[in-house]
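Q: Okay, so here is work_15.cif, and as you'll see once you scroll down, it has mmCIF, C-alpha atoms and all ligand atoms.
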data_query
#
loop_
_atom_site.group_PDB
_atom_site.id
_atom_site.type_symbol
_atom_site.label_atom_id
_atom_site.label_comp_id
_atom_site.auth_asym_id
_atom_site.auth_seq_id
_atom_site.Cartn_x
_atom_site.Cartn_y
_atom_site.Cartn_z
ATOM 1 C CA MET X 15 -3.108 -25.494 -13.901
ATOM 2 C CA THR X 16 -0.859 -28.342 -15.038
ATOM 3 C CA THR X 17 1.671 -29.836 -12.596
ATOM 4 C CA ASP X 18 4.484 -27.949 -14.345
ATOM 5 C CA GLU X 19 2.656 -24.639 -13.986
ATOM 6 C CA GLU X 20 1.948 -25.377 -10.318
ATOM 7 C CA ASP X 21 5.639 -26.171 -9.744
ATOM 8 C CA SER X 22 6.802 -22.956 -11.342
ATOM 9 C CA ALA X 23 4.157 -20.924 -9.462
ATOM 10 C CA ALA X 24 5.375 -22.415 -6.165
ATOM 11 C CA GLU X 25 8.984 -21.766 -7.132
ATOM 12 C CA ARG X 26 8.223 -18.147 -8.068
ATOM 13 C CA LYS X 27 6.483 -17.634 -4.747
ATOM 14 C CA MET X 28 9.474 -19.052 -2.858
ATOM 15 C CA ARG X 29 11.879 -16.786 -4.738
ATOM 16 C CA PHE X 30 9.576 -13.802 -4.113
ATOM 17 C CA LEU X 31 9.559 -14.398 -0.332
ATOM 18 C CA PHE X 32 13.279 -15.138 -0.318
ATOM 19 C CA THR X 33 13.972 -11.734 -1.914
ATOM 20 C CA LEU X 34 11.890 -10.010 0.772
ATOM 21 C CA ARG X 35 13.783 -11.782 3.554
ATOM 22 C CA GLN X 36 17.066 -10.861 1.892
ATOM 23 C CA GLN X 37 15.981 -7.212 1.972
ATOM 24 C CA GLY X 38 15.710 -7.474 5.754
ATOM 25 C CA MET X 39 11.967 -8.089 6.087
ATOM 26 C CA THR X 40 11.591 -10.162 9.226
ATOM 27 C CA ASP X 41 8.039 -9.469 10.425
ATOM 28 C CA ALA X 42 6.300 -12.843 10.187
ATOM 29 C CA ARG X 43 2.832 -11.303 9.846
ATOM 30 C CA VAL X 44 3.932 -9.143 6.916
ATOM 31 C CA LEU X 45 5.646 -12.071 5.211
ATOM 32 C CA SER X 46 2.629 -14.312 5.645
ATOM 33 C CA ALA X 47 0.289 -11.596 4.262
ATOM 34 C CA MET X 48 2.570 -11.215 1.259
ATOM 35 C CA GLU X 49 2.664 -14.966 0.824
ATOM 36 C CA ARG X 50 -1.129 -15.037 0.793
ATOM 37 C CA ILE X 51 -1.729 -12.174 -1.652
ATOM 38 C CA ASP X 52 -0.677 -13.022 -5.221
ATOM 39 C CA ARG X 53 0.872 -9.850 -6.717
ATOM 40 C CA GLY X 54 0.236 -11.295 -10.177
ATOM 41 C CA ARG X 55 -3.489 -10.551 -9.739
ATOM 42 C CA PHE X 56 -2.774 -6.815 -9.505
ATOM 43 C CA VAL X 57 -0.572 -6.413 -12.588
ATOM 44 C CA ARG X 58 -2.171 -6.502 -16.032
ATOM 45 C CA GLY X 59 -1.065 -6.954 -19.622
ATOM 46 C CA ILE X 60 2.512 -7.156 -20.797
ATOM 47 C CA PHE X 61 4.045 -6.653 -17.365
ATOM 48 C CA SER X 62 2.152 -9.458 -15.636
ATOM 49 C CA ASP X 63 4.979 -11.983 -16.021
ATOM 50 C CA ARG X 64 7.267 -9.621 -14.084
ATOM 51 C CA ALA X 65 4.909 -9.468 -11.095
ATOM 52 C CA TYR X 66 7.217 -11.585 -8.911
ATOM 53 C CA GLU X 67 10.300 -9.447 -9.456
ATOM 54 C CA ASP X 68 11.260 -6.871 -6.851
ATOM 55 C CA MET X 69 10.509 -3.812 -8.970
ATOM 56 C CA PRO X 70 7.745 -1.231 -9.398
ATOM 57 C CA LEU X 71 5.645 -1.770 -12.546
ATOM 58 C CA PRO X 72 3.324 0.426 -14.624
ATOM 59 C CA ILE X 73 -0.450 0.106 -14.063
ATOM 60 C CA SER X 74 -3.413 1.958 -15.677
ATOM 61 C CA CYS X 75 -3.721 5.762 -15.618
ATOM 62 C CA GLY X 76 0.059 6.313 -15.774
ATOM 63 C CA GLN X 77 0.530 5.132 -12.166
ATOM 64 C CA THR X 78 2.721 2.407 -10.647
ATOM 65 C CA ILE X 79 2.376 -0.585 -8.361
ATOM 66 C CA SER X 80 5.087 -0.252 -5.720
ATOM 67 C CA GLN X 81 8.120 -2.485 -5.421
ATOM 68 C CA PRO X 82 7.330 -5.505 -3.179
ATOM 69 C CA SER X 83 10.224 -4.799 -0.789
ATOM 70 C CA VAL X 84 8.888 -1.245 -0.340
ATOM 71 C CA VAL X 85 5.357 -2.601 0.290
ATOM 72 C CA ALA X 86 6.867 -4.935 2.915
ATOM 73 C CA LEU X 87 8.849 -2.151 4.528
ATOM 74 C CA MET X 88 5.883 0.247 4.704
ATOM 75 C CA THR X 89 3.570 -2.461 6.037
ATOM 76 C CA GLN X 90 6.138 -3.417 8.678
ATOM 77 C CA ALA X 91 6.679 0.231 9.654
ATOM 78 C CA LEU X 92 2.920 0.721 10.103
ATOM 79 C CA GLN X 93 2.769 -1.906 12.927
ATOM 80 C CA VAL X 94 -0.770 -2.980 12.070
ATOM 81 C CA GLY X 95 -2.744 -4.928 14.658
ATOM 82 C CA PRO X 96 -5.714 -7.254 14.077
ATOM 83 C CA ARG X 97 -8.244 -4.797 15.560
ATOM 84 C CA ASP X 98 -6.977 -1.781 13.598
ATOM 85 C CA THR X 99 -8.894 0.292 11.092
ATOM 86 C CA VAL X 100 -6.456 1.403 8.414
ATOM 87 C CA LEU X 101 -6.770 4.174 5.844
ATOM 88 C CA GLU X 102 -4.643 3.922 2.706
ATOM 89 C CA ILE X 103 -4.353 6.893 0.347
ATOM 90 C CA GLY X 104 -3.451 5.876 -3.221
ATOM 91 C CA THR X 105 -5.127 2.537 -4.015
ATOM 92 C CA GLY X 106 -3.313 2.212 -7.351
ATOM 93 C CA SER X 107 -3.474 -1.480 -8.230
ATOM 94 C CA GLY X 108 -4.925 -2.417 -4.833
ATOM 95 C CA TYR X 109 -1.992 -4.658 -3.915
ATOM 96 C CA GLN X 110 -0.916 -2.747 -0.802
ATOM 97 C CA ALA X 111 -4.524 -2.575 0.451
ATOM 98 C CA ALA X 112 -4.884 -6.340 -0.061
ATOM 99 C CA VAL X 113 -1.732 -7.005 1.981
ATOM 100 C CA LEU X 114 -3.008 -4.694 4.755
ATOM 101 C CA SER X 115 -6.407 -6.421 4.742
ATOM 102 C CA CYS X 116 -4.777 -9.666 5.931
ATOM 103 C CA MET X 117 -3.512 -7.906 9.052
ATOM 104 C CA ALA X 118 -6.204 -5.354 9.967
ATOM 105 C CA ARG X 119 -9.866 -5.427 10.924
ATOM 106 C CA ARG X 120 -10.858 -3.098 8.105
ATOM 107 C CA VAL X 121 -9.070 -1.187 5.350
ATOM 108 C CA TYR X 122 -10.402 1.940 3.662
ATOM 109 C CA THR X 123 -8.485 2.741 0.496
ATOM 110 C CA VAL X 124 -8.936 5.924 -1.504
ATOM 111 C CA GLU X 125 -7.945 6.643 -5.116
ATOM 112 C CA ARG X 126 -8.359 9.799 -7.266
ATOM 113 C CA HIS X 127 -8.607 7.778 -10.521
ATOM 114 C CA ARG X 128 -12.097 6.217 -10.659
ATOM 115 C CA ARG X 129 -10.885 3.601 -13.095
ATOM 116 C CA LEU X 130 -8.190 2.330 -10.711
ATOM 117 C CA ALA X 131 -10.653 2.243 -7.797
ATOM 118 C CA GLN X 132 -13.074 0.242 -9.947
ATOM 119 C CA GLU X 133 -10.422 -2.226 -11.148
ATOM 120 C CA ALA X 134 -9.113 -2.726 -7.605
ATOM 121 C CA ARG X 135 -12.653 -3.404 -6.320
ATOM 122 C CA GLN X 136 -13.038 -6.159 -8.913
ATOM 123 C CA VAL X 137 -9.811 -7.856 -7.796
ATOM 124 C CA PHE X 138 -10.764 -7.578 -4.091
ATOM 125 C CA ALA X 139 -14.132 -9.210 -4.848
ATOM 126 C CA ALA X 140 -12.507 -11.977 -6.903
ATOM 127 C CA LEU X 141 -10.097 -12.720 -4.029
ATOM 128 C CA GLY X 142 -12.883 -12.601 -1.421
ATOM 129 C CA LEU X 143 -11.234 -9.730 0.495
ATOM 130 C CA SER X 144 -14.432 -8.463 2.080
ATOM 131 C CA ASN X 145 -12.889 -6.149 4.709
ATOM 132 C CA ILE X 146 -11.666 -3.573 2.154
ATOM 133 C CA VAL X 147 -13.731 -0.514 1.238
ATOM 134 C CA ALA X 148 -12.332 1.085 -1.951
ATOM 135 C CA LEU X 149 -13.493 4.614 -2.661
ATOM 136 C CA ALA X 150 -12.897 7.040 -5.516
ATOM 137 C CA ALA X 151 -12.122 10.327 -3.755
ATOM 138 C CA ASP X 152 -9.437 12.933 -3.155
ATOM 139 C CA GLY X 153 -7.417 11.316 -0.396
ATOM 140 C CA SER X 154 -5.526 14.479 0.488
ATOM 141 C CA ARG X 155 -8.621 15.408 2.529
ATOM 142 C CA GLY X 156 -8.690 12.016 4.192
ATOM 143 C CA LEU X 157 -11.984 10.359 4.982
ATOM 144 C CA PRO X 158 -13.630 12.512 7.677
ATOM 145 C CA ASP X 159 -16.790 10.359 7.861
ATOM 146 C CA GLN X 160 -14.854 7.251 8.890
ATOM 147 C CA ALA X 161 -12.201 8.969 11.027
ATOM 148 C CA PRO X 162 -10.366 8.559 13.350
ATOM 149 C CA PHE X 163 -8.041 5.801 12.134
ATOM 150 C CA ASP X 164 -5.557 3.621 14.000
ATOM 151 C CA ARG X 165 -3.179 3.585 11.050
ATOM 152 C CA ILE X 166 -2.787 5.718 7.907
ATOM 153 C CA LEU X 167 -0.580 4.767 4.985
ATOM 154 C CA ILE X 168 0.001 7.236 2.166
ATOM 155 C CA THR X 169 1.464 5.605 -0.934
ATOM 156 C CA ALA X 170 2.070 8.825 -2.886
ATOM 157 C CA ALA X 171 4.621 11.518 -2.040
ATOM 158 C CA ALA X 172 3.461 14.628 -0.211
ATOM 159 C CA GLU X 173 5.533 17.762 0.368
ATOM 160 C CA ASP X 174 4.447 17.555 4.008
ATOM 161 C CA PRO X 175 2.242 15.052 5.830
ATOM 162 C CA PRO X 176 -1.226 16.445 4.930
ATOM 163 C CA GLY X 177 -2.889 18.274 7.859
ATOM 164 C CA PRO X 178 -6.361 16.703 7.434
ATOM 165 C CA LEU X 179 -4.787 13.241 7.568
ATOM 166 C CA LEU X 180 -2.735 14.014 10.674
ATOM 167 C CA SER X 181 -5.910 15.151 12.412
ATOM 168 C CA GLN X 182 -7.764 11.956 11.399
ATOM 169 C CA MET X 183 -5.334 9.779 13.383
ATOM 170 C CA LYS X 184 -6.209 8.412 16.820
ATOM 171 C CA ILE X 185 -3.959 9.240 19.761
ATOM 172 C CA GLY X 186 -1.398 6.424 19.667
ATOM 173 C CA GLY X 187 -1.981 6.131 15.925
ATOM 174 C CA ILE X 188 0.744 5.728 13.307
ATOM 175 C CA MET X 189 1.073 7.233 9.836
ATOM 176 C CA VAL X 190 3.667 6.216 7.240
ATOM 177 C CA VAL X 191 4.169 8.690 4.387
ATOM 178 C CA PRO X 192 6.800 9.448 1.728
ATOM 179 C CA VAL X 193 7.689 13.123 2.082
ATOM 180 C CA GLY X 194 9.513 15.278 -0.446
ATOM 181 C CA GLN X 195 9.390 16.858 -3.892
ATOM 182 C CA SER X 196 7.893 14.539 -6.486
ATOM 183 C CA ASP X 197 10.883 14.779 -8.842
ATOM 184 C CA ALA X 198 13.469 14.122 -6.148
ATOM 185 C CA VAL X 199 14.221 11.246 -3.827
ATOM 186 C CA GLN X 200 11.796 11.380 -0.937
ATOM 187 C CA SER X 201 12.097 10.234 2.658
ATOM 188 C CA LEU X 202 9.790 7.662 4.152
ATOM 189 C CA ILE X 203 8.538 9.167 7.418
ATOM 190 C CA ARG X 204 6.750 7.516 10.337
ATOM 191 C CA VAL X 205 4.543 9.826 12.387
ATOM 192 C CA LYS X 206 3.186 8.791 15.792
ATOM 193 C CA ARG X 207 0.392 10.774 17.362
ATOM 194 C CA THR X 208 0.875 11.296 21.098
ATOM 195 C CA GLU X 209 -1.308 12.951 23.755
ATOM 196 C CA THR X 210 0.503 16.219 23.132
ATOM 197 C CA GLY X 211 1.461 16.237 19.443
ATOM 198 C CA TYR X 212 3.274 14.233 16.779
ATOM 199 C CA ASP X 213 6.646 12.428 16.783
ATOM 200 C CA TYR X 214 8.450 12.125 13.439
ATOM 201 C CA GLU X 215 10.986 9.492 12.467
ATOM 202 C CA GLU X 216 12.833 9.215 9.148
ATOM 203 C CA LEU X 217 13.034 5.628 7.869
ATOM 204 C CA ARG X 218 14.779 5.591 4.472
ATOM 205 C CA PRO X 219 14.870 7.179 1.017
ATOM 206 C CA VAL X 220 12.074 6.132 -1.382
ATOM 207 C CA ARG X 221 10.594 7.288 -4.680
ATOM 208 C CA PHE X 222 6.832 7.587 -5.214
ATOM 209 C CA VAL X 223 4.486 9.292 -7.673
ATOM 210 C CA PRO X 224 3.136 12.563 -6.232
ATOM 211 C CA LEU X 225 0.031 13.015 -4.119
ATOM 212 C CA VAL X 226 -2.142 15.222 -6.338
ATOM 213 C CA GLU X 227 -5.083 17.230 -5.016
ATOM 214 C CA GLY X 228 -8.521 16.799 -6.595
ATOM 215 C CA MET X 229 -10.081 13.972 -8.609
ATOM 216 C CA ALA X 230 -8.590 12.796 -11.925
ATOM 217 C CA ASN X 231 -10.746 12.761 -15.071
ATOM 218 C CA ASP X 232 -10.626 8.979 -15.535
HETATM 219 N N1 LIG M 301 -0.591 1.537 -3.252
HETATM 220 C C1 LIG M 301 -0.554 1.325 -4.687
HETATM 221 C C2 LIG M 301 0.514 2.095 -5.406
HETATM 222 C C3 LIG M 301 0.325 3.563 -5.264
HETATM 223 S S1 LIG M 301 0.755 4.562 -6.646
HETATM 224 C C4 LIG M 301 -0.459 -0.151 -5.017
HETATM 225 O O1 LIG M 301 -0.380 -0.990 -4.107
HETATM 226 O O2 LIG M 301 -0.494 -0.481 -6.209
HETATM 227 C C5 LIG M 301 0.067 6.065 -5.988
HETATM 228 C C6 LIG M 301 -1.417 6.222 -6.223
HETATM 229 O O3 LIG M 301 -1.833 7.368 -5.509
HETATM 230 C C7 LIG M 301 -1.758 6.477 -7.689
HETATM 231 O O4 LIG M 301 -2.680 5.536 -8.134
HETATM 232 C C8 LIG M 301 -2.356 7.880 -7.659
HETATM 233 O O5 LIG M 301 -3.415 8.076 -8.596
HETATM 234 C C9 LIG M 301 -2.876 7.968 -6.239
HETATM 235 N N2 LIG M 301 -3.085 9.336 -5.745
HETATM 236 C C10 LIG M 301 -2.314 10.428 -5.915
HETATM 237 N N3 LIG M 301 -2.879 11.498 -5.298
HETATM 238 C C11 LIG M 301 -4.040 11.067 -4.725
HETATM 239 C C12 LIG M 301 -5.068 11.700 -3.946
HETATM 240 N N4 LIG M 301 -5.046 13.000 -3.646
HETATM 241 N N5 LIG M 301 -6.099 10.946 -3.538
HETATM 242 C C13 LIG M 301 -6.163 9.618 -3.823
HETATM 243 N N6 LIG M 301 -5.224 8.970 -4.558
HETATM 244 C C14 LIG M 301 -4.172 9.676 -5.000
#
Could I get this structure in the form of C-alpha cells?
Ligand code: SAH
A:
Amino acid sequence: MTTDEEDSAAERKMRFLFTLRQQGMTDARVLSAMERIDRGRFVRGIFSDRAYEDMPLPISCGQTISQPSVVALMTQALQVGPRDTVLEIGTGSGYQAAVLSCMARRVYTVERHRRLAQEARQVFAALGLSNIVALAADGSRGLPDQAPFDRILITAAAEDPPGPLLSQMKIGGIMVVPVGQSDAVQSLIRVKRTETGYDYEELRPVRFVPLVEGMAND
C-alpha cells in the first residue's frame, strides 16, 4: 500500500467505527472486534468499494452480507463471553462469524450454500481466524454433534425460533434470531434459556433473508 492508500484506509475505518457509535453501539468488545475485522475482505466484485458503508450488500448465491450496524447490534445482544462456544446459522459472507470469533472461544457457523461456506473458509484461513469451524449443512436442524451451545445467532429470518436450535442451548444460554415472515419486517428476538423454560424479549425491527430448510444446490 502507498501512504495515500494507507491514509484513506485508516480514514475509512475511523468513519466506519464512528457510524457504529452514532447508531448507539457502545459495547467496547464489539467495537474492537469490528475494528479488527476488515469488512472489505468479505465483499467481492463491484460492491467491494462500498464495504465500509452502513448498508447490506449482495454476495454470491443471491444472499446478502448484513448491515454493519445490525451486525453490531446482534453481536451486542448476544452477550458473548471469552469462554463461550457460539453457533451461527447462516454463514453468508462469513463476516458475522469473524466478528464473533474475536470474542468467543470457538465459533461454529453453518451455511446451506456449499459455495458460500467454501468462500468463507478461505477468508477465515487468510485472516488466520483458526477458532471458526465453517460447515455446509442445513442449520435449521442445528448441530446436534457439537451441542449444547452457550450462544446461538441466527442470521436468517425464521417464522418461529426453530425447536432443534432452542433445545441445543445450554441453561443460561442466549439465542438472537430475527422472527417473522420473510417478505415482511421481522422482529429481532432475544431468547434466554432458564432452568424452567425460555424468556423472550423483542429488540427491534429488522429485515433478513429467510431461513430455508434443506441444502441449496450450489
Ligand atoms: N451472517 C451473514 C449474512 C447472512 S445472510 C454474513 O455475515 O454475511 C443469511 C444466510 O443464511 C444466507 O447465506 C443463507 O443461504 C443462509 N441460510 C438460510 N437458511 C439456512 C439454513 N437452513 N441453514 C444454513 N444457512 C441458511
Q: Using all atoms listed in the file, find each protein or nucleic acid residue lying at most 7 Å from ligand LIG 301 (chain M); present the set as a PyMOL selection string.
A: chain X and resi 77-80+103-111+124-127+130+151-154+169-170+222-228
Q: Could you build a table of the residues in segment 44-110 of chain X lying no more than 12 Å from segment 174-184 of chain X, giving for each the nearest pair of atoms and their separation in Å rounded to one decimal place, using only C-alpha atoms, ordered by chain and ascending residue number, as a tab-separated table?
A:
residue	atom	partner	partner_atom	distance
X:Asp98	CA	X:Lys184	CA	10.7
X:Thr99	CA	X:Lys184	CA	10.3
X:Val100	CA	X:Met183	CA	9.8
X:Leu101	CA	X:Leu179	CA	9.4
X:Glu102	CA	X:Leu179	CA	10.5
X:Ile103	CA	X:Leu179	CA	9.6
Q: Write the selection just made, keeping C-alpha atoms, as a PDB file, in the coordinates of the input?
A:
ATOM      1  CA  ASP X  98      -6.977  -1.781  13.598  1.00  0.00           C
ATOM      2  CA  THR X  99      -8.894   0.292  11.092  1.00  0.00           C
ATOM      3  CA  VAL X 100      -6.456   1.403   8.414  1.00  0.00           C
ATOM      4  CA  LEU X 101      -6.770   4.174   5.844  1.00  0.00           C
ATOM      5  CA  GLU X 102      -4.643   3.922   2.706  1.00  0.00           C
ATOM      6  CA  ILE X 103      -4.353   6.893   0.347  1.00  0.00           C
TER       7      ILE X 103
END
Q: Hey, can you check how far atom CA of Lys206 of chain X sits from atom CA of Ile188 of chain X?
A: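 Separation between atom CA of Lys206 of chain X and atom CA of Ile188 of chain X: 4.6 Å.
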Q: I want to know what sits within 12 Å of Ser115 of chain X, based on all atoms listed in the file, with residues of the same chain fewer than 5 positions away left out; could you give that as a compact mmCIF listing (two decimals) with C-alpha atoms, in the frame of the given file?
A:
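See selection.txt below for the written result:
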# COMPACT_ATOMS: atom_id res chain seq x y z
CA ARG X 43 2.83 -11.30 9.85
CA VAL X 44 3.93 -9.14 6.92
CA ALA X 47 0.29 -11.60 4.26
CA MET X 48 2.57 -11.22 1.26
CA ARG X 50 -1.13 -15.04 0.79
CA ILE X 51 -1.73 -12.17 -1.65
CA THR X 89 3.57 -2.46 6.04
CA VAL X 94 -0.77 -2.98 12.07
CA GLY X 95 -2.74 -4.93 14.66
CA PRO X 96 -5.71 -7.25 14.08
CA ARG X 97 -8.24 -4.80 15.56
CA ASP X 98 -6.98 -1.78 13.60
CA THR X 99 -8.89 0.29 11.09
CA VAL X 100 -6.46 1.40 8.41
CA LEU X 101 -6.77 4.17 5.84
CA GLU X 102 -4.64 3.92 2.71
CA GLY X 108 -4.92 -2.42 -4.83
CA TYR X 109 -1.99 -4.66 -3.92
CA GLN X 110 -0.92 -2.75 -0.80
CA ARG X 120 -10.86 -3.10 8.10
CA VAL X 121 -9.07 -1.19 5.35
CA TYR X 122 -10.40 1.94 3.66
CA THR X 123 -8.48 2.74 0.50
CA PHE X 138 -10.76 -7.58 -4.09
CA LEU X 141 -10.10 -12.72 -4.03
CA GLY X 142 -12.88 -12.60 -1.42
CA LEU X 143 -11.23 -9.73 0.50
CA SER X 144 -14.43 -8.46 2.08
CA ASN X 145 -12.89 -6.15 4.71
CA ILE X 146 -11.67 -3.57 2.15
CA VAL X 147 -13.73 -0.51 1.24
CA ALA X 148 -12.33 1.08 -1.95
Q: Expressed in Å to a single decimal, how great is the separation between atom CA of Ser201 of chain X and atom CA of Leu217 of chain X?
A: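 Separating atom CA of Ser201 of chain X from atom CA of Leu217 of chain X is a distance of 7.0 Å.
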Q: Pick from X:Glu19, X:Ser83, X:Ile168, X:Arg135: nearest to Phe32 of chain X, with only C-alpha atoms counted?
A: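 Of the candidates, the smallest distance to Phe32 of chain X is held by X:Ser83.
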Q: So, counting only C-alpha atoms, which residue among X:Gln36, X:Leu31, X:Val85, X:Ala65 is closest to Val220 of chain X?
A: X:Val85
Q: What's the separation between atom CA of Glu216 of chain X and atom CA of Gln37 of chain X, in Å to one decimal place?
A: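 Atom CA of Glu216 of chain X sits 18.2 Å away from atom CA of Gln37 of chain X.
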Q: Could you state which residues are captured by the PyMOL selection byres (((chain X and resi 68) around 9) and not hetatm) in this file, as JSON, numbers by chain?
A: {"X": [30, 33, 34, 64, 65, 66, 67, 69, 70, 81, 82, 83, 84]}
Q: Looking at X:Arg128, X:Leu157, X:Phe61, X:Asp41, which one is nearest to Asn231 of chain X, with distances taken over only C-alpha atoms?
A: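 With only C-alpha atoms as the atom set, the closest residue is X:Arg128.
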Q: Do a neighbour search on Ile203 of chain X at 7 Å with only C-alpha atoms, toss out local chain neighbours closer than 6 positions, and write the hits as a list of chain:residue names.
A: X:Val190, X:Val191, X:Pro192, X:Val193, X:Tyr214, X:Glu215, X:Glu216, X:Leu217
Q: Between X:Ala172, X:Val205, X:Met229, X:Met28, which one has atoms that come closest to Ala150 of chain X, using only C-alpha atoms?
A: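 The shortest atom-to-atom distance to Ala150 of chain X comes from X:Met229.
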Q: With all atoms listed in the file as the basis for distance, which of X:Leu92, X:Thr17, X:Ala112, X:Gln200 is at the shortest distance from Ala140 of chain X?
A: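 Smallest distance to Ala140 of chain X is found for X:Ala112.
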Q: Centre and edge lengths, as AutoDock Vina command-line options, for the axis-aligned box enclosing every listed atom of segment 225-231 of chain X with 6 Å of padding on each of the six sides, in Å to one decimal?
A:
--center_x -5.4 --center_y 15.0 --center_z -9.6 --size_x 22.8 --size_y 16.5 --size_z 23.0
Q: Considering all atoms listed in the file, state which residue in the set X:Gly54, X:Leu87, X:Leu45, X:Ser196 is at the smallest distance from Leu71 of chain X.
A: X:Gly54
Q: Give me the residues near Val199 of chain X as a list in words, where near means some atom within 8 Å (using all atoms listed in the file) and where sequence neighbours in that chain fewer than 5 positions away do not count.
A: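 So the residues in contact are Gly194, Pro219, Val220 and Arg221 of chain X.
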Q: Please provide as a ChimeraX atom specification all residues within 12 Å of Asp63 of chain X, with the sequence filter that same-chain residues fewer than 4 positions apart are discarded (counting all atoms listed in the file).
A: /X:23,26,53-59,67,71
